[in-house]
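> So here's target14.txt (compact mmCIF, C-alpha atoms).
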```txt
# COMPACT_ATOMS: atom_id res chain seq x y z
CA MET G 1413 12.92 5.31 -10.25
CA ALA G 1414 15.11 2.42 -11.40
CA ARG G 1415 15.78 1.55 -7.75
CA LEU G 1416 12.09 1.25 -6.93
CA PHE G 1417 11.01 -0.24 -10.25
CA THR G 1418 13.05 -1.37 -13.26
CA PRO G 1419 15.11 0.44 -15.91
CA LYS G 1420 12.32 -0.18 -18.43
CA ILE G 1421 9.67 1.50 -16.30
CA ALA G 1422 12.05 4.27 -15.25
CA SER G 1423 12.94 5.07 -18.87
CA TYR G 1424 9.23 5.43 -19.70
CA TYR G 1425 8.83 8.19 -17.12
CA GLU G 1426 12.11 9.85 -18.06
CA GLU G 1427 11.01 10.08 -21.69
CA TYR G 1428 7.63 11.43 -20.63
CA TYR G 1429 9.24 14.09 -18.41
CA ASN G 1430 11.53 15.03 -21.29
CA SER G 1431 8.48 15.52 -23.52
CA ARG G 1432 7.15 17.94 -20.90
CA GLY G 1433 10.34 20.00 -20.88
CA VAL G 1434 12.10 18.42 -17.91
CA ASN G 1435 15.83 17.89 -18.52
CA PHE G 1436 17.75 15.22 -16.58
CA VAL G 1437 21.47 15.79 -15.98
CA LYS G 1438 23.24 12.54 -15.10
CA GLY G 1439 26.75 11.34 -14.37
CA THR G 1440 27.83 14.35 -12.33
CA VAL G 1441 27.06 16.13 -9.07
CA LEU G 1442 26.56 19.67 -7.85
CA SER G 1443 29.69 21.42 -6.66
CA SER G 1444 28.56 25.00 -5.86
CA PHE G 1445 26.02 27.80 -6.39
CA ASP G 1446 26.40 31.29 -7.86
CA PHE G 1447 24.58 34.16 -6.14
CA ASP G 1448 23.80 37.75 -7.08
CA SER G 1449 24.42 40.80 -4.87
CA ALA G 1450 21.10 40.26 -3.12
CA GLY G 1451 22.01 36.70 -2.20
CA LYS G 1452 19.63 35.10 -4.72
CA VAL G 1453 20.91 31.95 -6.42
CA THR G 1454 21.52 32.47 -10.14
CA ALA G 1455 23.37 29.34 -11.28
CA VAL G 1456 24.37 25.81 -10.35
CA ASN G 1457 27.95 24.68 -10.97
CA LEU G 1458 28.50 20.99 -11.70
CA ARG G 1459 31.64 18.98 -11.03
CA ASP G 1460 32.12 18.28 -14.74
CA GLY G 1461 32.51 22.04 -15.40
CA ARG G 1462 29.03 22.82 -16.66
CA LYS G 1463 27.06 25.78 -15.35
CA ILE G 1464 23.25 25.82 -15.35
CA SER G 1465 21.41 29.13 -14.97
CA VAL G 1466 18.53 28.86 -12.50
CA ASP G 1467 15.75 30.87 -10.90
CA MET G 1468 15.12 28.41 -8.08
CA VAL G 1469 16.82 25.37 -6.55
CA VAL G 1470 15.01 22.53 -4.80
CA VAL G 1471 17.36 20.18 -2.97
CA GLY G 1472 16.14 16.65 -2.24
CA ILE G 1473 18.66 14.96 0.08
CA GLY G 1474 16.55 12.18 1.58
CA ILE G 1475 16.32 11.42 5.29
CA ARG G 1476 18.15 9.56 8.00
CA PRO G 1477 15.95 8.48 10.95
CA ASN G 1478 16.98 10.31 14.10
CA THR G 1479 17.34 7.40 16.53
CA SER G 1480 20.38 8.66 18.48
CA LEU G 1481 18.17 9.71 21.39
CA PHE G 1482 17.18 6.08 21.95
CA GLU G 1483 20.55 4.36 21.59
CA GLY G 1484 21.20 2.18 24.62
CA GLN G 1485 17.59 2.55 25.74
CA LEU G 1486 15.55 0.86 22.99
CA THR G 1487 16.38 -1.96 20.57
CA LEU G 1488 17.32 -0.59 17.15
CA GLU G 1489 17.23 -2.57 13.90
CA LYS G 1490 17.67 -1.74 10.21
CA GLY G 1491 18.20 1.92 10.95
CA GLY G 1492 15.04 2.35 13.01
CA ILE G 1493 13.39 1.54 16.33
CA LYS G 1494 12.43 -2.12 16.38
CA VAL G 1495 8.76 -2.67 17.26
CA ASN G 1496 6.37 -5.62 17.40
CA GLY G 1497 3.00 -6.08 15.70
CA LYS G 1498 1.42 -3.67 18.19
CA LEU G 1499 4.14 -1.12 17.30
CA GLN G 1500 5.60 -1.38 20.80
CA SER G 1501 9.34 -1.02 21.20
CA SER G 1502 11.55 -3.08 23.54
CA ASN G 1503 10.08 -0.85 26.25
CA ASN G 1504 6.38 -1.73 25.96
CA SER G 1505 5.33 1.73 27.11
CA VAL G 1506 7.10 3.31 24.11
CA TYR G 1507 5.55 3.08 20.65
CA ALA G 1508 7.18 4.02 17.35
CA VAL G 1509 5.46 4.77 14.03
CA GLY G 1510 6.30 6.11 10.59
CA ASP G 1511 9.75 6.33 9.00
CA VAL G 1512 11.56 5.72 12.29
CA ALA G 1513 9.87 2.36 13.04
CA SER G 1514 11.23 -1.02 11.93
CA PHE G 1515 8.18 -3.27 12.09
CA PRO G 1516 7.33 -6.84 11.03
CA VAL G 1517 5.90 -6.84 7.50
CA LYS G 1518 3.76 -9.97 7.24
CA ALA G 1519 3.81 -9.93 3.45
CA PHE G 1520 7.61 -10.28 3.50
CA GLY G 1521 7.99 -12.33 6.66
CA GLU G 1522 10.64 -9.98 7.99
CA THR G 1523 11.21 -6.67 9.73
CA ARG G 1524 11.49 -3.60 7.52
CA ARG G 1525 11.54 0.16 7.80
CA LEU G 1526 9.42 1.99 5.22
CA GLU G 1527 9.60 5.64 4.23
CA HIS G 1528 6.21 6.71 2.97
CA VAL G 1529 3.36 8.91 4.14
CA ASP G 1530 0.84 6.07 3.83
CA SER G 1531 2.90 3.85 6.13
CA ALA G 1532 3.20 6.71 8.62
CA ARG G 1533 -0.55 7.31 8.66
CA GLN G 1534 -1.53 3.65 8.92
CA SER G 1535 1.02 2.81 11.62
CA ALA G 1536 -0.06 5.86 13.66
CA ARG G 1537 -3.70 4.76 13.52
CA HIS G 1538 -2.76 1.25 14.58
CA ALA G 1539 -0.61 2.46 17.47
CA VAL G 1540 -3.44 4.64 18.80
CA SER G 1541 -5.82 1.68 18.56
CA ALA G 1542 -3.31 -0.59 20.33
CA ILE G 1543 -2.97 1.95 23.14
CA MET G 1544 -6.69 2.70 23.53
CA GLU G 1545 -8.07 -0.80 22.92
CA PRO G 1546 -5.22 -3.31 23.31
CA GLY G 1547 -7.59 -6.27 23.67
CA LYS G 1548 -9.35 -5.53 20.39
CA THR G 1549 -6.31 -4.62 18.30
CA GLY G 1550 -4.50 -7.32 16.36
CA GLU G 1551 -1.10 -7.33 14.70
CA PHE G 1552 -0.24 -4.54 12.27
CA ASP G 1553 -0.68 -6.05 8.81
CA TYR G 1554 0.54 -3.45 6.34
CA LEU G 1555 0.99 -4.00 2.62
CA PRO G 1556 3.79 -1.69 1.42
CA PHE G 1557 2.32 0.96 -0.88
CA PHE G 1558 3.81 3.75 -2.96
CA TYR G 1559 2.20 6.11 -5.45
CA SER G 1560 2.76 9.25 -7.47
CA ARG G 1561 0.63 11.63 -9.50
CA VAL G 1562 2.28 14.10 -11.88
CA PHE G 1563 1.20 15.70 -15.13
CA THR G 1564 -1.45 13.31 -16.49
CA LEU G 1565 0.24 10.23 -15.01
CA SER G 1566 -0.76 8.27 -11.93
CA TRP G 1567 0.87 5.04 -10.75
CA GLN G 1568 0.55 2.80 -7.71
CA PHE G 1569 2.89 0.10 -6.46
CA TYR G 1570 2.17 -2.62 -3.89
CA GLY G 1571 4.32 -5.21 -2.17
CA ASP G 1572 7.96 -5.97 -2.94
CA ASN G 1573 10.11 -5.42 -6.03
CA SER G 1574 12.04 -8.68 -5.75
CA GLY G 1575 12.20 -11.73 -8.00
CA GLU G 1576 11.38 -11.97 -11.70
CA VAL G 1577 9.53 -9.15 -13.45
CA VAL G 1578 6.60 -9.77 -15.77
CA TYR G 1579 5.40 -6.75 -17.77
CA PHE G 1580 1.89 -6.35 -19.11
CA GLY G 1581 -0.02 -3.81 -21.14
CA ASP G 1582 1.26 -1.46 -23.82
CA PHE G 1583 4.03 0.95 -22.80
CA SER G 1584 3.04 3.17 -25.71
CA SER G 1585 -0.45 3.61 -24.24
CA SER G 1586 -1.66 5.11 -20.99
CA THR G 1587 -2.17 1.84 -19.08
CA PHE G 1588 0.56 -0.69 -18.36
CA GLY G 1589 2.13 -2.46 -15.42
CA ALA G 1590 4.32 -5.19 -14.01
CA TYR G 1591 4.24 -8.08 -11.56
CA TRP G 1592 7.11 -9.34 -9.41
CA VAL G 1593 7.22 -13.09 -8.80
CA SER G 1594 9.47 -14.63 -6.14
CA LYS G 1595 9.63 -18.28 -5.05
CA GLY G 1596 6.59 -19.11 -7.14
CA HIS G 1597 4.31 -16.42 -5.70
CA LEU G 1598 3.21 -12.94 -6.69
CA VAL G 1599 4.94 -10.54 -4.28
CA GLY G 1600 4.64 -7.15 -5.97
CA ALA G 1601 2.58 -5.27 -8.53
CA PHE G 1602 2.77 -1.93 -10.31
CA LEU G 1603 0.10 -0.22 -12.39
CA GLU G 1604 0.08 3.02 -14.33
CA GLY G 1605 -3.13 4.64 -15.55
CA GLY G 1606 -5.58 2.29 -13.82
CA THR G 1607 -9.08 2.92 -12.54
CA LYS G 1608 -9.93 2.90 -8.84
CA GLU G 1609 -11.29 -0.64 -9.18
CA GLU G 1610 -8.18 -1.84 -11.02
CA TYR G 1611 -5.85 -0.39 -8.39
CA GLU G 1612 -7.90 -2.12 -5.67
CA ALA G 1613 -7.70 -5.40 -7.58
CA VAL G 1614 -3.91 -5.12 -7.90
CA ALA G 1615 -3.59 -4.42 -4.17
CA LYS G 1616 -5.77 -7.39 -3.22
CA ALA G 1617 -3.96 -9.75 -5.58
CA THR G 1618 -0.62 -8.71 -4.11
CA ARG G 1619 -1.84 -9.25 -0.56
CA PHE G 1620 -3.20 -12.72 -1.43
CA ARG G 1621 0.22 -13.74 -2.88
CA PRO G 1622 -1.25 -16.27 -5.36
CA ALA G 1623 0.94 -19.06 -6.72
CA ILE G 1624 2.36 -18.42 -10.20
CA GLU G 1625 3.25 -21.47 -12.28
CA ASP G 1626 3.58 -19.96 -15.75
CA LEU G 1627 5.14 -16.52 -16.24
CA ALA G 1628 4.15 -16.46 -19.90
CA GLU G 1629 0.52 -17.03 -18.98
CA LEU G 1630 0.73 -14.32 -16.35
CA GLU G 1631 2.03 -11.93 -19.01
CA ARG G 1632 -0.77 -12.95 -21.37
CA GLN G 1633 -3.49 -12.33 -18.78
CA GLY G 1634 -1.95 -9.08 -17.58
CA LEU G 1635 -4.24 -6.89 -15.53
CA THR G 1636 -7.07 -9.42 -15.94
CA PHE G 1637 -5.12 -11.79 -13.66
CA ALA G 1638 -5.27 -9.37 -10.69
CA VAL G 1639 -8.95 -8.63 -11.28
CA THR G 1640 -9.79 -12.33 -11.46
CA VAL G 1641 -7.81 -13.22 -8.32
CA SER G 1642 -9.40 -10.42 -6.30
CA GLN G 1643 -12.92 -11.45 -7.38
CA LYS G 1644 -12.30 -15.13 -6.58
CA GLN G 1645 -11.20 -14.25 -3.07
CA LEU G 1646 -14.33 -12.18 -2.53
CA LEU G 1647 -16.62 -14.91 -3.85
CA SER G 1648 -14.93 -17.75 -1.99
CA PRO G 1649 -14.87 -17.08 1.76
CA PRO G 1650 -13.08 -19.69 3.87
CA PRO G 1651 -15.16 -22.68 5.02
CA VAL G 1652 -16.89 -22.41 8.39
CA LYS G 1653 -15.79 -25.08 10.84
CA VAL G 1654 -18.50 -26.55 13.08
CA THR G 1655 -16.61 -27.78 16.12
CA SER G 1656 -19.28 -30.16 17.36
CA THR G 1657 -19.27 -32.42 14.31
CA ASP G 1658 -16.03 -31.72 12.36
CA LEU G 1659 -18.33 -30.78 9.46
CA LEU G 1660 -17.07 -28.15 7.02
CA LEU G 1661 -19.75 -25.93 5.59
CA GLU G 1662 -18.45 -24.83 2.20
CA LYS G 1663 -21.13 -22.15 1.83
CA PRO G 1664 -21.60 -19.36 4.37
CA LEU G 1665 -24.94 -19.01 6.12
CA TYR G 1666 -25.33 -15.33 5.29
CA ALA G 1667 -28.73 -15.84 3.59
CA TRP G 1668 -30.15 -17.75 6.59
CA HIS G 1669 -28.84 -15.09 8.96
CA ALA G 1670 -30.45 -12.37 6.88
CA THR G 1671 -33.80 -14.20 6.72
CA ALA G 1672 -33.84 -14.79 10.46
CA GLY G 1673 -32.95 -11.14 11.03
CA VAL G 1674 -35.82 -9.93 8.84
CA ILE G 1675 -38.30 -12.21 10.63
CA LEU G 1676 -37.09 -11.01 14.02
CA ALA G 1677 -37.25 -7.36 12.98
CA ALA G 1678 -40.78 -7.80 11.61
CA SER G 1679 -41.87 -9.46 14.84
CA VAL G 1680 -40.45 -6.62 16.95
CA ALA G 1681 -42.11 -4.03 14.72
CA ALA G 1682 -45.49 -5.79 14.93
CA PHE G 1683 -45.27 -6.01 18.71
CA ALA G 1684 -44.30 -2.34 18.97
CA TYR G 1685 -47.25 -1.35 16.77
CA TYR G 1686 -49.68 -3.45 18.83
CA TYR G 1687 -48.29 -2.16 22.10
CA GLY G 1688 -48.46 1.44 20.91
CA LYS G 1689 -52.13 1.14 19.93
CA LYS G 1690 -52.90 -0.46 23.26
CA ARG G 1691 -51.26 2.42 25.15
CA ARG G 1692 -53.27 4.96 23.16
CA ARG G 1693 -56.45 3.19 24.29
CA TRP G 1694 -55.34 3.68 27.87
```
As structure tokens, how would this structure be written, given the file I've shared?


Amino acid sequence: MARLFTPKIASYYEEYYNSRGVNFVKGTVLSSFDFDSAGKVTAVNLRDGRKISVDMVVVGIGIRPNTSLFEGQLTLEKGGIKVNGKLQSSNNSVYAVGDVASFPVKAFGETRRLEHVDSARQSARHAVSAIMEPGKTGEFDYLPFFYSRVFTLSWQFYGDNSGEVVYFGDFSSSTFGAYWVSKGHLVGAFLEGGTKEEYEAVAKATRFRPAIEDLAELERQGLTFAVTVSQKQLLSPPPVKVTSTDLLLEKPLYAWHATAGVILAASVAAFAYYYGKKRRRW
């Protein structure tokens, strides 16, 4: 947890797990198991001499991408198969997705390999689209995303955990979070206990990478900052450039388009009604 977040956030979850009866054993490693006559594990022996009686053991050892099959055939980078924005490898007929793919992350401006089910799902969808409709499929633009739900807790994290950390909310309550600011821009955000709308706002704010001039003000605004940024982006679409006159229209023409569409639809309906009555006369 401290690797993904910060010691402060990690300690919050450790204390919560402790309150639910989960005991963390640190500073040592497993050395062996004890088994009964039926081969069932009964205890775990630790290197520091302690023995822990158990009914079940779950071993989480992580993963190492299996890229040995492609060595010398495809370009490898950062422990995975290097792909472009279409998720094509150095052999453009070979695509790579999920944990094994090292792809360009636009939000970071560099190639990274991500280990998460959401990344695997999104990259797979994009690869299929790039294969089936290459002319209509753009570059893969994925915002790194991690989440967890356990007990009554639920957190989501977006972006990158680099730079300075700004905490917000009350760690003694059910809703709190943090922003990461690097080179004057918001690059990452974490939220515990948010609503669906608040999580969406945090994700949008992280993707927009707004400039941050005052960390103290960011801390003061807290979650309100992400909500405000996401709403401003929705209400302020980019100006429409009219190539014939170099004129910039600051307001979109959605209302005019809608009015014209209604008029056209009404005209078609009136003609269809008139034509139908005429056919019945025949």

> Nearest to G:Gly1474 among G:Gly1439, G:Phe1447, G:Glu1527, G:Ser1514, with distances taken over all atoms listed in the file: which residue is it?

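With all atoms listed in the file as the atom set, the closest residue is G:Glu1527.
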
> Could you please give me, as a ChimeraX atom specification, the residues of protein, DNA or RNA lying at most 12 Å from (16.8, -5.1, 21.2) in the coordinate frame of the file, considering all atoms listed in the file?

/G:1482-1490,1492-1496,1500-1504,1514

> What is the distance, in Å and to one decimal place, between atom CA of G:Ser1541 and atom CA of G:Val1506?

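The value is 14.2 Å.
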
> Just the number, please: distance in Å from atom CA of G:Leu1442 to atom CA of G:Asp1460, one decimal.

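Rounded to one decimal, the two atoms are 9.0 Å apart.
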
> For a test of reading the model, state the distance in Å between atom CA of G:Val1456 and atom CA of G:Asn1430, rounded to one decimal.

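Between these atoms lies a distance of 20.0 Å.
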
> Which residue, G:Leu1598, G:Ala1623, G:Val1434, G:Leu1555, has the smallest gap to G:Arg1524 when you use only C-alpha atoms?

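Counting only C-alpha atoms, the residue closest to G:Arg1524 is G:Leu1555.
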
> Which residues come within 8 Å of stretch 1548-1550 of chain G, counting all atoms listed in the file, excluding same-chain residues fewer than 3 positions away, as a list in words?

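My list of contacting residues is Gly1497, Lys1498, His1538, Ser1541, Ala1542 and Glu1545 of chain G.
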
> For G:Gln1534, find every residue with an atom within 9 Å (counting all atoms listed in the file), except residues of its own chain fewer than 4 positions away, and show them as a PDB file with C-alpha atoms, in the frame of the given file.


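The resulting selection.pdb:
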```pdb
ATOM      1  CA  VAL G1509       5.460   4.770  14.030  1.00  0.00           C
ATOM      2  CA  GLY G1510       6.300   6.110  10.590  1.00  0.00           C
ATOM      3  CA  VAL G1529       3.360   8.910   4.140  1.00  0.00           C
ATOM      4  CA  ASP G1530       0.840   6.070   3.830  1.00  0.00           C
ATOM      5  CA  HIS G1538      -2.760   1.250  14.580  1.00  0.00           C
ATOM      6  CA  ALA G1539      -0.610   2.460  17.470  1.00  0.00           C
ATOM      7  CA  PHE G1552      -0.240  -4.540  12.270  1.00  0.00           C
ATOM      8  CA  TYR G1554       0.540  -3.450   6.340  1.00  0.00           C
TER       9      TYR G1554
END
```

> Taking all heavy atoms as the atom set, what does stretch 1553-1564 of chain G look like once completed, written as an mmCIF file, in the coordinates of the input?


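part_32.cif written:
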```
data_model
loop_
_atom_site.group_PDB
_atom_site.id
_atom_site.type_symbol
_atom_site.label_atom_id
_atom_site.label_comp_id
_atom_site.auth_asym_id
_atom_site.auth_seq_id
_atom_site.Cartn_x
_atom_site.Cartn_y
_atom_site.Cartn_z
ATOM 1 N N ASP G 1553 -0.840 -5.296 10.055
ATOM 2 C CA ASP G 1553 -0.680 -6.050 8.810
ATOM 3 C C ASP G 1553 -0.702 -5.069 7.643
ATOM 4 O O ASP G 1553 -1.737 -4.821 7.037
ATOM 5 C CB ASP G 1553 -1.795 -7.087 8.669
ATOM 6 C CG ASP G 1553 -1.575 -8.014 7.483
ATOM 7 O OD1 ASP G 1553 -0.483 -7.958 6.875
ATOM 8 O OD2 ASP G 1553 -2.494 -8.788 7.153
ATOM 9 N N TYR G 1554 0.451 -4.506 7.345
ATOM 10 C CA TYR G 1554 0.540 -3.450 6.340
ATOM 11 C C TYR G 1554 1.136 -3.978 5.042
ATOM 12 O O TYR G 1554 2.173 -4.642 5.043
ATOM 13 C CB TYR G 1554 1.401 -2.305 6.872
ATOM 14 C CG TYR G 1554 1.553 -1.162 5.901
ATOM 15 C CD1 TYR G 1554 0.494 -0.284 5.678
ATOM 16 C CD2 TYR G 1554 2.745 -0.951 5.211
ATOM 17 C CE1 TYR G 1554 0.619 0.772 4.784
ATOM 18 C CE2 TYR G 1554 2.884 0.102 4.328
ATOM 19 C CZ TYR G 1554 1.809 0.956 4.120
ATOM 20 O OH TYR G 1554 1.933 2.002 3.230
ATOM 21 N N LEU G 1555 0.466 -3.679 3.937
ATOM 22 C CA LEU G 1555 0.990 -4.000 2.620
ATOM 23 C C LEU G 1555 1.717 -2.767 2.090
ATOM 24 O O LEU G 1555 1.094 -1.724 1.890
ATOM 25 C CB LEU G 1555 -0.152 -4.368 1.669
ATOM 26 C CG LEU G 1555 0.259 -4.666 0.226
ATOM 27 C CD1 LEU G 1555 1.099 -5.944 0.163
ATOM 28 C CD2 LEU G 1555 -0.976 -4.799 -0.669
ATOM 29 N N PRO G 1556 3.048 -2.845 1.903
ATOM 30 C CA PRO G 1556 3.790 -1.690 1.420
ATOM 31 C C PRO G 1556 3.155 -1.078 0.166
ATOM 32 O O PRO G 1556 2.787 -1.785 -0.767
ATOM 33 C CB PRO G 1556 5.176 -2.282 1.110
ATOM 34 C CG PRO G 1556 5.301 -3.388 2.104
ATOM 35 C CD PRO G 1556 3.921 -3.996 2.188
ATOM 36 N N PHE G 1557 3.055 0.249 0.174
ATOM 37 C CA PHE G 1557 2.320 0.960 -0.880
ATOM 38 C C PHE G 1557 3.034 2.258 -1.202
ATOM 39 O O PHE G 1557 3.436 2.999 -0.313
ATOM 40 C CB PHE G 1557 0.899 1.243 -0.374
ATOM 41 C CG PHE G 1557 0.134 2.260 -1.185
ATOM 42 C CD1 PHE G 1557 -0.151 2.023 -2.514
ATOM 43 C CD2 PHE G 1557 -0.320 3.437 -0.611
ATOM 44 C CE1 PHE G 1557 -0.862 2.952 -3.274
ATOM 45 C CE2 PHE G 1557 -1.038 4.371 -1.345
ATOM 46 C CZ PHE G 1557 -1.300 4.116 -2.682
ATOM 47 N N PHE G 1558 3.218 2.508 -2.489
ATOM 48 C CA PHE G 1558 3.810 3.750 -2.960
ATOM 49 C C PHE G 1558 2.992 4.262 -4.142
ATOM 50 O O PHE G 1558 2.388 3.460 -4.870
ATOM 51 C CB PHE G 1558 5.264 3.543 -3.396
ATOM 52 C CG PHE G 1558 6.147 3.028 -2.304
ATOM 53 C CD1 PHE G 1558 6.322 1.665 -2.131
ATOM 54 C CD2 PHE G 1558 6.796 3.893 -1.441
ATOM 55 C CE1 PHE G 1558 7.126 1.171 -1.110
ATOM 56 C CE2 PHE G 1558 7.607 3.417 -0.417
ATOM 57 C CZ PHE G 1558 7.775 2.052 -0.258
ATOM 58 N N TYR G 1559 2.966 5.562 -4.329
ATOM 59 C CA TYR G 1559 2.200 6.110 -5.450
ATOM 60 C C TYR G 1559 2.773 7.465 -5.861
ATOM 61 O O TYR G 1559 3.554 8.082 -5.128
ATOM 62 C CB TYR G 1559 0.728 6.281 -5.075
ATOM 63 C CG TYR G 1559 0.483 7.431 -4.109
ATOM 64 C CD1 TYR G 1559 0.138 8.689 -4.590
ATOM 65 C CD2 TYR G 1559 0.614 7.251 -2.735
ATOM 66 C CE1 TYR G 1559 -0.072 9.750 -3.711
ATOM 67 C CE2 TYR G 1559 0.410 8.294 -1.855
ATOM 68 C CZ TYR G 1559 0.072 9.545 -2.346
ATOM 69 O OH TYR G 1559 -0.116 10.593 -1.476
ATOM 70 N N SER G 1560 2.395 7.907 -7.030
ATOM 71 C CA SER G 1560 2.760 9.250 -7.470
ATOM 72 C C SER G 1560 1.755 9.724 -8.511
ATOM 73 O O SER G 1560 1.249 8.923 -9.297
ATOM 74 C CB SER G 1560 4.164 9.261 -8.074
ATOM 75 O OG SER G 1560 4.516 10.582 -8.464
ATOM 76 N N ARG G 1561 1.488 11.014 -8.492
ATOM 77 C CA ARG G 1561 0.630 11.630 -9.500
ATOM 78 C C ARG G 1561 1.340 12.881 -10.011
ATOM 79 O O ARG G 1561 1.652 13.775 -9.235
ATOM 80 C CB ARG G 1561 -0.735 12.015 -8.919
ATOM 81 C CG ARG G 1561 -1.505 10.838 -8.347
ATOM 82 C CD ARG G 1561 -2.893 11.256 -7.886
ATOM 83 N NE ARG G 1561 -3.567 10.179 -7.186
ATOM 84 C CZ ARG G 1561 -3.596 10.034 -5.867
ATOM 85 N NH1 ARG G 1561 -2.983 10.938 -5.104
ATOM 86 N NH2 ARG G 1561 -4.217 9.031 -5.300
ATOM 87 N N VAL G 1562 1.609 12.942 -11.297
ATOM 88 C CA VAL G 1562 2.280 14.100 -11.880
ATOM 89 C C VAL G 1562 1.862 14.226 -13.331
ATOM 90 O O VAL G 1562 1.653 13.218 -14.017
ATOM 91 C CB VAL G 1562 3.814 13.957 -11.746
ATOM 92 C CG1 VAL G 1562 4.327 12.784 -12.558
ATOM 93 C CG2 VAL G 1562 4.521 15.251 -12.145
ATOM 94 N N PHE G 1563 1.726 15.443 -13.785
ATOM 95 C CA PHE G 1563 1.200 15.700 -15.130
ATOM 96 C C PHE G 1563 -0.120 14.953 -15.287
ATOM 97 O O PHE G 1563 -1.020 15.118 -14.474
ATOM 98 C CB PHE G 1563 2.226 15.285 -16.196
ATOM 99 C CG PHE G 1563 3.516 16.043 -16.133
ATOM 100 C CD1 PHE G 1563 4.723 15.391 -15.963
ATOM 101 C CD2 PHE G 1563 3.533 17.431 -16.234
ATOM 102 C CE1 PHE G 1563 5.916 16.089 -15.897
ATOM 103 C CE2 PHE G 1563 4.720 18.140 -16.173
ATOM 104 C CZ PHE G 1563 5.908 17.462 -16.004
ATOM 105 N N THR G 1564 -0.230 14.111 -16.313
ATOM 106 C CA THR G 1564 -1.450 13.310 -16.490
ATOM 107 C C THR G 1564 -1.235 11.871 -16.055
ATOM 108 O O THR G 1564 -2.087 11.017 -16.308
ATOM 109 C CB THR G 1564 -1.879 13.321 -17.979
ATOM 110 O OG1 THR G 1564 -0.830 12.750 -18.770
ATOM 111 C CG2 THR G 1564 -2.167 14.734 -18.446
#
```
